[in-house]
Amino acid sequence: MEVDIRLSAVEIYQNCLNGKTDYGFETIAEAQERAFVKRLVMTALRRQEFLKKVISGYSSKPLPPKMSNIHLLIILGAVEILYFRTPEYAIVSSYVEIAKKLGNKYSGGFVNAVLRKICSDCEKISNAANVPFFPKSFRRILSVDYSPKQIAVMEKLAVTEPPLDISVKSNAEQWAHTLDGTLMPNGSIRLPAAGIVSQLYGYNDGQWWVQDIASSLAVQSLGKISGKKVLDLCAAPGGKTAQLLSAGAKVSVLDISKPRLQRLKENMQRLNLHPENIICADAIDFLQKSEQTYDIILIDAPCSASGTLRRHPEIVHLKTQDDVQRCAEVQKQFLENAAPHIASGGILLYAVCSLSKAEGEQQILSFIERHPEFLIKPINLVTIAGKRASELKDLLTPEGFLRCLPSQLSLLGGMDGFFVATLQKE
Ligand SMILES: C[S@@+](CC[C@H](N)C(=O)[O-])C[C@H]1O[C@@H](n2cnc3c(N)ncnc32)[C@H](O)[C@@H]1O
């Protein structure tokens, strides 16, 4: 790999840690190079806490919380040495060259010294038993709801690159066979992580879309919805919209983000699926002005997104308990404003990819208290997985919600963290 590619990796890594929504992977034109940089940056984010400790051991001072480009560069180099096993001669000089460009006159020497020490201690470091992934701030979020033991299991399972799950329009068994994937209990198909998605068979023909199994359970829990009038309130990029449309519902799609809606439109075009209408608006504004009612409103609410930490490891470095509280307040507004627009007997489907109960279980239990006209409709696993329902039994809470954790379905390769509730209006 060339110096330029590694230079792009440093910039993208910095973008991730700055919380930019557009990381910049798309700026790398060549698909193989883009895939390499993505794997490099994602592995760095997963191993960052551990590698900070390793690097501190080789320098006179511990690394500052806000790391410089030079520190990020060393982490990327360490990832290549320790996890990609790139030979020393192929990389150290390349990282030293970048350090000279980005830093001061000492940077090249520093990067050279640390990376060469990592090379010579490679086996010892790779065999270290206790490899932390979560920084303290993220542990603090999880410890509100989970025991240290539960957190440790999540941390261990989330540190590896997750497999790729897809949802197919139909004939899941056939597609699992064609793509040589694993058929999951709910009909999702699990493929190994590596590879360029758009080059896989059936993608360009619009036969399937990428969607983690956890995320697909929400719409599946609705059962038969053909002909139902549905409002998909936070729809982009459209994973759940595609499920709703494939199941024959008449779907109005709304999202506040124009670029994300553009992606939704492209996805629907590829999949040859047709929403009734596509609205770019703030959901609260829209609901306050609208007089429509719907059989089903799906609120796949904006959230702290901690459940997506396997695919978005930057989340663990960025989120704080304040984010959880802020999101919970917004979600409450979504629920309050959606409630009057659900037809009598209709369903409010609420989903978040957060691990925090303040955004999930507690949010819904307090909504129910404020709204006695809504009752929890316990989720039926047979609706989702038929004969294989028992394989998902650990996901069901005593109240009838779904609570997915990254540590569940571990024998099959884990899943995203997710919460789903279905509420029925009297
Ligand atoms: C969790 S994502 C939705 C994922 C999508 N449902 C899917 O399955 O592909 C949340 C979405 O909410 C949108 N959003 C955030 N605030 C919003 C608001 N006030 N009104 C409408 N959409 C909003 C975001 O742009 C984002 O696309």
# chains A, B, ... in the order shown; residues from 1 in each chain; ligands from 1
call {"tool": "residues_near_ligand", "arguments": {"ligand": "ligand 1", "cutoff": "7 Å", "atoms": "only C-alpha atoms and all ligand atoms", "output": "compact mmCIF listing (two decimals) with N, CA, C and O atoms, in the first residue's frame"}}
result
# COMPACT_ATOMS: atom_id res chain seq x y z
N SER A 215 -31.48 -5.46 13.52
CA SER A 215 -32.25 -4.38 12.93
C SER A 215 -33.46 -4.91 12.15
O SER A 215 -34.50 -4.24 12.06
N LEU A 233 -41.08 6.96 10.04
CA LEU A 233 -40.76 8.35 10.44
C LEU A 233 -39.29 8.74 10.34
O LEU A 233 -38.96 9.90 10.16
N CYS A 234 -38.40 7.79 10.57
CA CYS A 234 -36.96 8.09 10.52
C CYS A 234 -36.38 7.04 9.59
O CYS A 234 -35.79 6.07 10.02
N ALA A 235 -36.57 7.24 8.31
CA ALA A 235 -36.52 6.10 7.39
C ALA A 235 -35.15 5.82 6.77
O ALA A 235 -34.84 4.69 6.44
N ALA A 236 -34.36 6.86 6.58
CA ALA A 236 -33.14 6.69 5.79
C ALA A 236 -32.06 5.93 6.57
O ALA A 236 -31.98 6.09 7.79
N PRO A 237 -31.26 5.09 5.92
CA PRO A 237 -31.17 4.85 4.47
C PRO A 237 -32.16 3.82 3.92
O PRO A 237 -32.08 3.47 2.75
N GLY A 238 -33.07 3.31 4.76
CA GLY A 238 -34.19 2.57 4.17
C GLY A 238 -34.20 1.06 4.38
O GLY A 238 -34.96 0.37 3.70
N GLY A 239 -33.39 0.55 5.31
CA GLY A 239 -33.40 -0.90 5.56
C GLY A 239 -34.80 -1.38 5.95
O GLY A 239 -35.31 -2.37 5.40
N LYS A 240 -35.41 -0.65 6.86
CA LYS A 240 -36.74 -1.09 7.33
C LYS A 240 -37.82 -0.73 6.32
O LYS A 240 -38.81 -1.43 6.18
N THR A 241 -37.61 0.39 5.59
CA THR A 241 -38.55 0.73 4.51
C THR A 241 -38.62 -0.42 3.52
O THR A 241 -39.70 -0.82 3.08
N LEU A 254 -40.33 9.26 5.66
CA LEU A 254 -39.92 10.61 6.07
C LEU A 254 -38.55 10.55 6.73
O LEU A 254 -38.24 9.61 7.45
N ASP A 255 -37.75 11.56 6.45
CA ASP A 255 -36.46 11.70 7.16
C ASP A 255 -36.06 13.17 7.08
O ASP A 255 -36.41 13.87 6.13
N ILE A 256 -35.29 13.61 8.07
CA ILE A 256 -34.90 15.02 8.11
C ILE A 256 -33.70 15.29 7.20
O ILE A 256 -33.48 16.43 6.78
N SER A 257 -32.95 14.25 6.88
CA SER A 257 -31.68 14.46 6.17
C SER A 257 -31.82 14.24 4.66
O SER A 257 -32.16 13.14 4.21
N ARG A 260 -29.26 11.65 3.26
CA ARG A 260 -29.63 10.28 3.64
C ARG A 260 -30.86 9.82 2.87
O ARG A 260 -30.97 8.66 2.48
N ALA A 281 -38.45 16.15 5.96
CA ALA A 281 -38.98 17.08 6.96
C ALA A 281 -38.55 16.65 8.35
O ALA A 281 -38.12 15.51 8.55
N ASP A 282 -38.68 17.59 9.28
CA ASP A 282 -38.50 17.24 10.68
C ASP A 282 -39.77 16.49 11.12
O ASP A 282 -40.89 16.98 10.91
N ALA A 283 -39.59 15.32 11.70
CA ALA A 283 -40.74 14.46 12.03
C ALA A 283 -41.72 15.17 12.97
O ALA A 283 -42.94 15.08 12.79
N ILE A 284 -41.20 15.90 13.94
CA ILE A 284 -42.08 16.54 14.93
C ILE A 284 -42.93 17.62 14.23
O ILE A 284 -44.15 17.68 14.40
N ASP A 300 -38.08 4.55 14.17
CA ASP A 300 -36.72 3.99 14.33
C ASP A 300 -35.87 5.19 14.74
O ASP A 300 -35.14 5.77 13.94
N ALA A 301 -35.99 5.54 16.01
CA ALA A 301 -35.61 6.88 16.47
C ALA A 301 -34.10 7.13 16.44
O ALA A 301 -33.32 6.20 16.64
N PRO A 302 -33.72 8.39 16.22
CA PRO A 302 -32.31 8.74 16.41
C PRO A 302 -31.94 8.43 17.86
O PRO A 302 -32.75 8.69 18.77
N CYS A 303 -30.77 7.87 18.07
CA CYS A 303 -30.41 7.42 19.43
C CYS A 303 -28.90 7.50 19.61
O CYS A 303 -28.18 7.86 18.68
N VAL A 352 -34.84 1.28 18.68
CA VAL A 352 -33.59 2.07 18.79
C VAL A 352 -32.40 1.11 18.80
O VAL A 352 -32.49 0.02 19.37
N CYS A 353 -31.29 1.58 18.22
CA CYS A 353 -30.09 0.74 18.24
C CYS A 353 -29.19 1.18 19.40
O CYS A 353 -27.98 1.31 19.24
call {"tool": "select_by_dssp", "arguments": {"residues": "range 178-358 of chain A", "states": "alpha helix (DSSP H)", "output": "JSON, numbers by chain"}}
result
{"A": [178, 213, 214, 215, 216, 217, 218, 219, 220, 239, 240, 241, 242, 243, 244, 245, 246, 258, 259, 260, 261, 262, 263, 264, 265, 266, 267, 268, 269, 270, 271, 283, 284, 285, 286, 287, 288, 289, 315, 316, 317, 318, 321, 322, 323, 324, 325, 326, 327, 328, 329, 330, 331, 332, 333, 334, 335, 336, 337, 338]}
call {"tool": "residues_around", "arguments": {"residues": "Gln292 in chain A", "least_positions_apart": "5", "cutoff": "10 Å", "atoms": "only C-alpha atoms", "output": "MDAnalysis selection string"}}
result
chainID A and resid 231 287 340:343
call {"tool": "write_last_selection", "arguments": {"atoms": "N, CA and C atoms", "output": "PDB file, in the first residue's frame"}}
result
ATOM      1  N   LEU A 231     -46.472   4.778   8.239  1.00  0.00           N
ATOM      2  CA  LEU A 231     -45.594   5.953   8.211  1.00  0.00           C
ATOM      3  C   LEU A 231     -44.245   5.538   8.801  1.00  0.00           C
ATOM      4  N   LEU A 287     -45.566  15.943  12.069  1.00  0.00           N
ATOM      5  CA  LEU A 287     -46.669  15.346  12.838  1.00  0.00           C
ATOM      6  C   LEU A 287     -47.582  16.432  13.410  1.00  0.00           C
ATOM      7  N   PRO A 340     -51.031  10.531  18.534  1.00  0.00           N
ATOM      8  CA  PRO A 340     -52.363  10.865  18.023  1.00  0.00           C
ATOM      9  C   PRO A 340     -52.591  10.437  16.570  1.00  0.00           C
ATOM     10  N   HIS A 341     -51.532  10.112  15.859  1.00  0.00           N
ATOM     11  CA  HIS A 341     -51.666   9.776  14.433  1.00  0.00           C
ATOM     12  C   HIS A 341     -51.829   8.276  14.184  1.00  0.00           C
ATOM     13  N   ILE A 342     -51.952   7.522  15.246  1.00  0.00           N
ATOM     14  CA  ILE A 342     -52.150   6.081  15.065  1.00  0.00           C
ATOM     15  C   ILE A 342     -53.643   5.797  15.116  1.00  0.00           C
ATOM     16  N   ALA A 343     -54.132   5.101  14.091  1.00  0.00           N
ATOM     17  CA  ALA A 343     -55.565   4.805  14.026  1.00  0.00           C
ATOM     18  C   ALA A 343     -55.932   3.869  15.169  1.00  0.00           C
TER      19      ALA A 343
END
call {"tool": "closest_residue", "arguments": {"among": "A:Leu82, A:Leu102, A:Cys119, A:Cys404", "to": "Ser306 in chain A", "atoms": "only C-alpha atoms"}}
result
A:Cys404
call {"tool": "residues_around", "arguments": {"residues": "Ile55 in chain A", "least_positions_apart": "5", "cutoff": "9 Å", "atoms": "only C-alpha atoms", "output": "list in words"}}
result
Phe50, Pro62, Leu63, His71, Ile74, Ile75, Ala78, Val114, Leu115 and Ile118 of chain A
call {"tool": "select_by_dssp", "arguments": {"residues": "range 318-386 of chain A", "states": "strand (DSSP E or B)", "output": "list of chain:residue names"}}
result
A:Ile342, A:Ala343, A:Ser344, A:Gly345, A:Gly346, A:Ile347, A:Leu348, A:Leu349, A:Tyr350, A:Ala351, A:Val352, A:Phe374, A:Leu375, A:Ile376
call {"tool": "closest_residue", "arguments": {"among": "A:Glu80, A:Asp212, A:Glu2, A:Asp205", "to": "Ser126 in chain A", "atoms": "only C-alpha atoms"}}
result
A:Glu80
call {"tool": "closest_residue", "arguments": {"among": "A:Leu73, A:Leu335, A:Ala389, A:Ala158", "to": "Gly360 in chain A", "atoms": "only C-alpha atoms"}}
result
A:Leu335
call {"tool": "closest_residue", "arguments": {"among": "A:Glu314, A:Arg388, A:Met184, A:Phe134", "to": "Asn15 in chain A", "atoms": "only C-alpha atoms"}}
result
A:Glu314
call {"tool": "atom_distance", "arguments": {"atom1": "CA of Ile141 in chain A", "atom2": "CA of Phe401 in chain A"}}
result
21.2 Å
call {"tool": "atom_distance", "arguments": {"atom1": "CA of Gln243 in chain A", "atom2": "CA of Arg34 in chain A"}}
result
28.8 Å
call {"tool": "residues_around", "arguments": {"residues": "Ala339 in chain A", "least_positions_apart": "5", "cutoff": "10 Å", "atoms": "only C-alpha atoms", "output": "ChimeraX atom specification"}}
result
/A:287,293,297,334,347-348,367,371,373-374,425
call {"tool": "decode", "arguments": {"residues": "range 227-281 of chain A", "atoms": "C-alpha atoms", "output": "compact mmCIF listing (two decimals), in the first residue's frame"}}
result
# COMPACT_ATOMS: atom_id res chain seq x y z
CA GLY A 227 -52.00 -3.31 2.35
CA LYS A 228 -51.47 -1.52 5.69
CA LYS A 229 -50.94 2.22 5.68
CA VAL A 230 -47.56 2.84 7.29
CA LEU A 231 -45.59 5.95 8.21
CA ASP A 232 -41.84 5.30 8.44
CA LEU A 233 -40.76 8.35 10.44
CA CYS A 234 -36.96 8.09 10.52
CA ALA A 235 -36.52 6.10 7.39
CA ALA A 236 -33.14 6.69 5.79
CA PRO A 237 -31.17 4.85 4.47
CA GLY A 238 -34.19 2.57 4.17
CA GLY A 239 -33.40 -0.90 5.56
CA LYS A 240 -36.74 -1.09 7.33
CA THR A 241 -38.55 0.73 4.51
CA ALA A 242 -37.41 -2.06 2.19
CA GLN A 243 -38.79 -4.66 4.58
CA LEU A 244 -42.14 -2.85 4.89
CA LEU A 245 -42.48 -2.48 1.13
CA SER A 246 -41.40 -6.06 0.43
CA ALA A 247 -44.14 -7.19 2.81
CA GLY A 248 -46.71 -5.29 0.74
CA ALA A 249 -47.37 -2.29 2.99
CA LYS A 250 -48.20 1.17 1.60
CA VAL A 251 -45.41 3.24 3.04
CA SER A 252 -44.93 6.97 3.45
CA VAL A 253 -41.30 7.65 4.11
CA LEU A 254 -39.92 10.61 6.07
CA ASP A 255 -36.46 11.70 7.16
CA ILE A 256 -34.90 15.02 8.11
CA SER A 257 -31.68 14.46 6.17
CA LYS A 258 -31.65 15.22 2.46
CA PRO A 259 -28.42 13.30 1.68
CA ARG A 260 -29.63 10.28 3.64
CA LEU A 261 -32.98 10.40 1.82
CA GLN A 262 -31.07 10.49 -1.44
CA ARG A 263 -29.38 7.24 -0.40
CA LEU A 264 -32.79 5.82 0.47
CA LYS A 265 -34.09 6.74 -2.99
CA GLU A 266 -31.09 5.06 -4.65
CA ASN A 267 -31.58 1.97 -2.51
CA MET A 268 -35.29 1.75 -3.34
CA GLN A 269 -34.53 2.20 -7.02
CA ARG A 270 -31.98 -0.62 -6.94
CA LEU A 271 -34.47 -2.83 -5.08
CA ASN A 272 -37.34 -1.83 -7.39
CA LEU A 273 -39.50 -0.89 -4.40
CA HIS A 274 -41.86 2.06 -4.41
CA PRO A 275 -42.89 4.11 -1.38
CA GLU A 276 -46.20 6.02 -1.63
CA ASN A 277 -44.35 9.25 -0.96
CA ILE A 278 -40.98 10.46 0.26
CA ILE A 279 -40.94 13.47 2.58
CA CYS A 280 -37.92 15.44 3.69
CA ALA A 281 -38.98 17.08 6.96
